[in-house]
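Chemist: Pasting my_file.cif below, which is mmCIF, C-alpha atoms.
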```
data_coords
loop_
_atom_site.label_atom_id
_atom_site.label_comp_id
_atom_site.auth_asym_id
_atom_site.auth_seq_id
_atom_site.Cartn_x
_atom_site.Cartn_y
_atom_site.Cartn_z
CA MET A 1 0.00 0.00 0.00
CA PRO A 2 1.31 3.53 -0.74
CA PHE A 3 2.40 5.48 2.32
CA LYS A 4 0.03 8.19 3.49
CA PRO A 5 1.46 11.09 5.50
CA ASN A 6 0.18 11.31 9.06
CA PHE A 7 -1.95 14.45 9.46
CA THR A 8 -3.80 15.64 12.51
CA HIS A 9 -7.33 16.66 11.60
CA LYS A 10 -8.94 19.32 13.75
CA LYS A 11 -12.63 19.71 14.30
CA LYS A 12 -14.31 22.29 12.10
CA ARG A 13 -15.60 25.46 13.67
CA LYS A 14 -18.80 27.30 12.88
CA GLN A 15 -17.15 30.72 12.77
CA HIS A 16 -15.85 31.87 9.39
CA GLY A 17 -13.69 34.79 8.33
CA ALA A 18 -13.80 37.80 10.64
CA THR A 19 -16.07 35.91 13.06
CA PHE A 20 -13.41 33.21 13.40
CA TRP A 21 -10.70 35.75 14.21
CA ASP A 22 -12.88 37.62 16.70
CA ALA A 23 -13.55 34.33 18.50
CA GLU A 24 -9.85 33.42 18.50
CA TYR A 25 -8.79 36.71 20.03
CA LYS A 26 -11.45 36.42 22.72
CA ASN A 27 -10.85 32.74 23.49
CA PRO A 28 -7.99 31.11 21.52
CA SER A 29 -8.59 27.46 20.76
CA HIS A 30 -6.97 26.89 17.36
CA LEU A 31 -4.05 29.32 17.07
CA LYS A 32 -1.29 30.38 19.44
CA LEU A 33 -1.69 34.14 19.51
CA SER A 34 1.45 35.67 20.96
CA THR A 35 2.03 39.18 22.23
CA ASN A 36 5.77 38.88 21.53
CA PRO A 37 7.20 40.29 18.29
CA SER A 38 7.91 37.98 15.40
CA ALA A 39 11.45 36.58 15.50
CA ASP A 40 11.54 36.91 11.71
CA LEU A 41 10.76 40.62 12.01
CA GLU A 42 13.48 41.10 14.62
CA LYS A 43 15.90 39.39 12.24
CA PHE A 44 14.80 41.74 9.46
CA THR A 45 15.44 44.83 11.60
CA ARG A 46 18.96 43.59 12.34
CA TRP A 47 19.52 43.24 8.58
CA LEU A 48 18.21 46.76 7.95
CA ILE A 49 20.67 48.11 10.51
CA ARG A 50 23.59 46.17 9.04
CA GLU A 51 22.71 47.38 5.55
CA LYS A 52 22.36 50.97 6.78
CA HIS A 53 18.64 51.28 6.02
CA THR A 54 17.96 52.82 9.40
CA ASP A 55 15.71 55.52 7.89
CA CYS A 56 13.00 52.85 8.04
CA LEU A 57 13.55 52.47 11.78
CA SER A 58 13.31 55.92 13.34
CA PRO A 59 10.80 58.29 14.93
CA SER A 60 10.57 60.12 11.60
CA ALA A 61 9.56 56.93 9.74
CA SER A 62 6.11 55.38 9.37
CA VAL A 63 5.20 51.69 9.28
CA LEU A 64 2.05 50.09 7.87
CA ASP A 65 1.07 46.60 9.04
CA VAL A 66 -1.61 44.97 6.87
CA GLY A 67 -3.06 42.29 9.11
CA CYS A 68 -1.65 43.67 12.35
CA GLY A 69 -3.58 41.39 14.71
CA ASN A 70 -3.05 42.51 18.31
CA GLY A 71 -0.42 45.02 17.20
CA ARG A 72 2.54 43.10 18.58
CA ASN A 73 4.91 43.88 15.70
CA LEU A 74 4.05 47.56 15.45
CA ILE A 75 4.40 47.81 19.22
CA TYR A 76 7.85 46.22 19.04
CA LEU A 77 9.00 48.64 16.32
CA SER A 78 7.59 51.64 18.16
CA ARG A 79 9.09 50.71 21.54
CA THR A 80 12.47 49.77 20.06
CA PHE A 81 12.94 52.42 17.38
CA GLY A 82 10.28 55.03 18.13
CA THR A 83 8.49 54.46 14.82
CA PRO A 84 4.90 55.65 14.38
CA GLY A 85 2.66 53.16 12.64
CA VAL A 86 -0.70 52.26 11.15
CA GLY A 87 -2.31 48.86 11.55
CA TYR A 88 -5.22 47.25 9.68
CA ASP A 89 -6.96 44.04 10.70
CA ILE A 90 -10.29 42.45 9.86
CA SER A 91 -10.92 41.49 13.50
CA ARG A 92 -12.45 44.13 15.75
CA SER A 93 -11.38 42.09 18.78
CA ALA A 94 -7.76 42.16 17.60
CA ILE A 95 -7.93 45.93 17.04
CA ALA A 96 -9.38 46.43 20.53
CA GLU A 97 -6.44 44.48 21.99
CA ALA A 98 -3.97 46.45 19.88
CA ASN A 99 -5.39 49.79 21.02
CA LEU A 100 -5.25 48.74 24.65
CA ALA A 101 -1.66 47.49 24.39
CA SER A 102 -0.49 50.57 22.44
CA GLN A 103 -1.49 53.28 24.87
CA GLY A 104 1.10 56.04 24.85
CA LEU A 105 2.61 54.89 21.55
CA PRO A 106 2.25 56.73 18.19
CA LEU A 107 0.20 53.92 16.65
CA GLN A 108 -3.21 54.00 14.98
CA TYR A 109 -5.41 51.01 14.16
CA THR A 110 -8.42 50.42 11.93
CA ALA A 111 -10.70 47.38 11.75
CA ARG A 112 -11.01 46.73 8.02
CA SER A 113 -10.23 44.27 5.28
CA ILE A 114 -6.95 44.81 3.48
CA ALA A 115 -8.75 44.32 0.17
CA GLY A 116 -9.35 47.54 -1.71
CA PRO A 117 -7.55 50.89 -1.66
CA LEU A 118 -5.32 51.72 1.29
CA LYS A 119 -6.47 55.08 2.62
CA LEU A 120 -2.96 56.50 2.93
CA PRO A 121 -1.17 59.17 0.89
CA ASP A 122 1.29 58.31 -1.86
CA THR A 123 4.89 57.71 -0.67
CA SER A 124 3.90 58.08 2.98
CA GLN A 125 5.31 54.84 4.44
CA ASP A 126 8.89 53.74 5.03
CA LEU A 127 8.08 50.11 5.77
CA VAL A 128 5.11 47.82 5.10
CA LEU A 129 4.54 44.48 6.84
CA ASP A 130 2.49 41.74 5.18
CA MET A 131 2.87 38.83 7.56
CA MET A 132 0.65 35.81 6.94
CA THR A 133 -2.19 38.00 5.70
CA SER A 134 -2.49 38.62 1.96
CA HIS A 135 -2.87 34.91 1.16
CA PHE A 136 -6.52 35.29 2.24
CA LEU A 137 -7.17 37.57 -0.76
CA THR A 138 -8.26 36.67 -4.27
CA SER A 139 -5.81 36.94 -7.16
CA ALA A 140 -7.14 40.35 -8.19
CA GLU A 141 -7.07 41.57 -4.58
CA ARG A 142 -3.49 40.38 -4.05
CA GLU A 143 -2.39 42.25 -7.16
CA GLN A 144 -4.20 45.39 -6.05
CA LEU A 145 -2.65 45.17 -2.58
CA ARG A 146 0.84 44.79 -4.05
CA ASP A 147 0.27 47.87 -6.20
CA GLU A 148 -1.16 49.83 -3.27
CA ILE A 149 1.82 48.90 -1.08
CA PHE A 150 4.11 50.12 -3.84
CA ARG A 151 2.11 53.35 -4.08
CA VAL A 152 2.23 54.20 -0.37
CA LEU A 153 5.89 53.26 0.10
CA LYS A 154 8.49 55.99 -0.13
CA PRO A 155 11.27 55.51 -2.70
CA GLY A 156 13.76 53.19 -1.01
CA GLY A 157 11.08 51.88 1.37
CA PHE A 158 10.76 48.19 2.22
CA LEU A 159 8.13 45.48 2.12
CA PHE A 160 8.65 42.70 4.65
CA MET A 161 6.52 39.73 3.59
CA LYS A 162 5.98 36.33 5.14
CA THR A 163 3.54 33.75 3.81
CA PHE A 164 2.99 30.03 3.37
CA LEU A 165 5.20 28.18 0.88
CA LYS A 166 3.78 25.42 -1.29
CA ASP A 167 7.07 23.87 -2.44
CA ALA A 168 7.59 20.44 -0.82
CA ASP A 169 4.94 21.15 1.83
CA LEU A 170 2.77 18.11 2.58
CA HIS A 171 0.08 20.16 4.31
CA SER A 172 -0.40 22.41 1.29
CA LYS A 173 -0.52 19.39 -1.02
CA ARG A 174 -3.26 17.78 1.06
CA LEU A 175 -5.31 20.96 1.43
CA LEU A 176 -5.20 21.69 -2.29
CA GLU A 177 -6.28 18.12 -3.08
CA GLU A 178 -8.97 17.72 -0.42
CA HIS A 179 -10.39 21.26 -0.20
CA PRO A 180 -9.79 22.95 -3.57
CA GLY A 181 -10.96 26.52 -4.02
CA GLN A 182 -12.23 28.15 -7.19
CA GLU A 183 -8.91 29.83 -8.04
CA LEU A 184 -5.83 27.85 -9.00
CA GLY A 185 -3.51 27.42 -6.01
CA THR A 186 -6.30 28.10 -3.53
CA TYR A 187 -7.98 25.81 -0.99
CA ILE A 188 -10.86 26.36 1.40
CA HIS A 189 -9.44 26.37 4.90
CA PRO A 190 -11.17 23.47 6.70
CA ILE A 191 -11.39 25.35 10.01
CA MET A 192 -11.82 28.98 9.02
CA GLY A 193 -14.02 28.21 6.02
CA VAL A 194 -12.40 30.84 3.79
CA PRO A 195 -10.25 30.61 0.64
CA GLU A 196 -6.51 30.68 1.24
CA TYR A 197 -3.85 30.96 -1.46
CA VAL A 198 -0.46 29.28 -1.19
CA TYR A 199 2.52 30.51 -3.24
CA ASP A 200 5.31 28.57 -4.81
CA GLU A 201 8.60 30.43 -4.53
CA ALA A 202 9.05 31.09 -8.25
CA GLY A 203 5.53 32.50 -8.55
CA LEU A 204 5.92 34.76 -5.52
CA VAL A 205 9.28 36.07 -6.71
CA ASP A 206 7.88 36.85 -10.16
CA PHE A 207 4.85 38.53 -8.58
CA LEU A 208 6.94 40.85 -6.40
CA ARG A 209 9.67 41.57 -8.95
CA GLU A 210 7.16 43.35 -11.14
CA GLN A 211 7.38 46.20 -8.60
CA PHE A 212 10.22 45.53 -6.15
CA THR A 213 13.87 44.54 -5.87
CA ILE A 214 14.24 41.40 -3.76
CA HIS A 215 17.24 41.41 -1.41
CA LYS A 216 16.74 38.32 0.76
CA ILE A 217 14.68 35.14 0.76
CA TYR A 218 14.40 32.78 3.74
CA ARG A 219 12.55 29.48 3.69
CA SER A 220 11.50 27.49 6.75
CA HIS A 221 12.72 23.92 7.18
CA LYS A 222 11.85 20.86 9.27
CA HIS A 223 8.48 20.67 7.52
CA ALA A 224 8.57 16.88 7.22
CA PHE A 225 10.19 13.96 9.04
CA ARG A 226 10.33 10.42 7.61
CA GLY A 227 7.56 11.27 5.18
CA GLN A 228 5.25 12.71 7.82
CA ALA A 229 4.05 16.29 7.81
CA ARG A 230 5.25 18.64 10.51
CA LYS A 231 4.89 22.43 10.53
CA ARG A 232 3.67 24.37 7.50
CA ARG A 233 6.44 25.74 5.29
CA THR A 234 6.81 29.51 5.13
CA ILE A 235 8.81 31.93 3.03
CA THR A 236 10.05 35.37 4.09
CA ILE A 237 11.11 38.05 1.61
CA TYR A 238 12.86 41.42 2.00
CA ALA A 239 11.77 43.62 -0.91
CA GLU A 240 12.65 47.24 -1.67
CA LYS A 241 10.97 49.90 -3.75
CA SER A 242 13.54 51.57 -6.00
CA PRO A 243 15.02 54.73 -4.43
CA TYR A 244 14.53 56.42 -7.81
CA GLN A 245 10.77 55.91 -8.17
#
```
Show me this structure written as structure tokens.
Modeler:
Amino acid sequence: MPFKPNFTHKKKRKQHGATFWDAEYKNPSHLKLSTNPSADLEKFTRWLIREKHTDCLSPSASVLDVGCGNGRNLIYLSRTFGTPGVGYDISRSAIAEANLASQGLPLQYTARSIAGPLKLPDTSQDLVLDMMTSHFLTSAEREQLRDEIFRVLKPGGFLFMKTFLKDADLHSKRLLEEHPGQELGTYIHPIMGVPEYVYDEAGLVDFLREQFTIHKIYRSHKHAFRGQARKRRTITIYAEKSPYQ
């Protein structure tokens, strides 16, 4: 008999989309929602400092986080570097937590979808974070978000992006086979009940290079052991808008 990877199936929930996230922030039962900053973001800031891109990390800079959750990453940047910031998230519960945790910091939050125009002026942001968020959008929405991020970034500004990686990921393979969505490369998340897109590296690089210069790519490992699925694979990209645009 052919070997079948060992997956752990979780019980489906009734909440979908924003309702799911509101329930998670009020009473987490599926996701581990941390208040600590992302280690990947901390690593990125160290790279910015080494590469002398400290203009992105200063009280005169501005950071946009699309999918900010409880604000943990904006809070880290503001406390460490003094950066003001703007955060968007679809969950009102997450935004309420972010506002409470950000008292006294120059941070502003809005409960909204990241689909559609970003209500920010052209070239107003030094850094944009898209961390495990834009894969919930449709193909047209992802393209619009990329173009909007490019629009609001200052010349020489950075996009820090982290998302799921399809390449050699057993979880993605199963989800695409068992719960296919309407768009190619999309599955219906069996717990959240919403479409979720998963990139392959080549496709993501081509998608971003239409607008940005890519400086670094990091891929997670230890996603499988002896043919059995472990953690989801992720990819992290450091992308820069040309200083001359």
Chemist: Taking the file above as input, evaluate the PyMOL selection byres ((chain A and resi 117) around 10) and report the hits as JSON, numbers by chain.
Modeler: {"A": [113, 114, 115, 116, 118, 119, 120, 141, 144, 145, 147, 148, 149]}
Chemist: Expand the PyMOL selection byres ((chain A and resi 58-65) around 8) into the individual residues it matches in the shown file, reporting them as a list in words.
Modeler: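 The output of the PyMOL selection byres ((chain A and resi 58-65) around 8) on this file is Thr54, Asp55, Cys56, Leu57, Val66, Gly67, Cys68, Leu74, Phe81, Gly82, Thr83, Pro84, Gly85, Val86, Gly87, Tyr88, Ser124, Gln125, Asp126, Leu127, Val128, Leu129 and Asp130 of chain A.
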Chemist: From the options A:Asp89, A:Glu183, A:Asp40, A:Asp206, which residue's atoms come nearest to A:Thr236, counting only C-alpha atoms?
Modeler: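 Checking each of A:Asp89, A:Glu183, A:Asp40, A:Asp206 against A:Thr236, counting only C-alpha atoms, the winner is A:Asp40.
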Chemist: Smallest atom-to-atom distance to A:Asp200: which of A:Ser242, A:His179, A:Asp169, A:Ser34, using only C-alpha atoms?
Modeler: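 Of the candidates, the smallest distance to A:Asp200 is held by A:Asp169.
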Chemist: Ranking A:Tyr187, A:Tyr199, A:Tyr109, A:Phe150 by minimum distance to A:Ala239 and counting all atoms listed in the file, which one comes first?
Modeler: A:Phe150
Chemist: Under the rule that all atoms listed in the file are counted, which of A:Asp122, A:Gly203, A:Thr80, A:Leu107 is the nearest residue to A:Arg46?
Modeler: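 Nearest to A:Arg46: A:Thr80.
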Chemist: Just how far from atom CA of A:Thr133 is atom CA of A:Leu165, in Å to one decimal?
Modeler: 13.2 Å
Chemist: Which one is closest to A:Arg233: A:Phe212, A:Gln245, A:Val205, A:His171? Count only C-alpha atoms.
Modeler: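 Among the listed residues, the smallest separation from A:Arg233 belongs to A:His171.
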Chemist: What does the structure give for the distance between atom CA of A:Arg79 and atom CA of A:Asn36, in Å to one decimal?
Modeler: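 Straight-line distance from atom CA of A:Arg79 to atom CA of A:Asn36 works out to 12.3 Å.
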Chemist: From the list A:Glu177, A:Ser172, A:Asp167, A:Ile49, which residue is nearest A:His221 when using only C-alpha atoms?
Modeler: A:Asp167
Chemist: Please indicate the distance in Å from atom CA of A:Pro180 to atom CA of A:Ile237, rounded to one decimal place.
Modeler: 26.3 Å
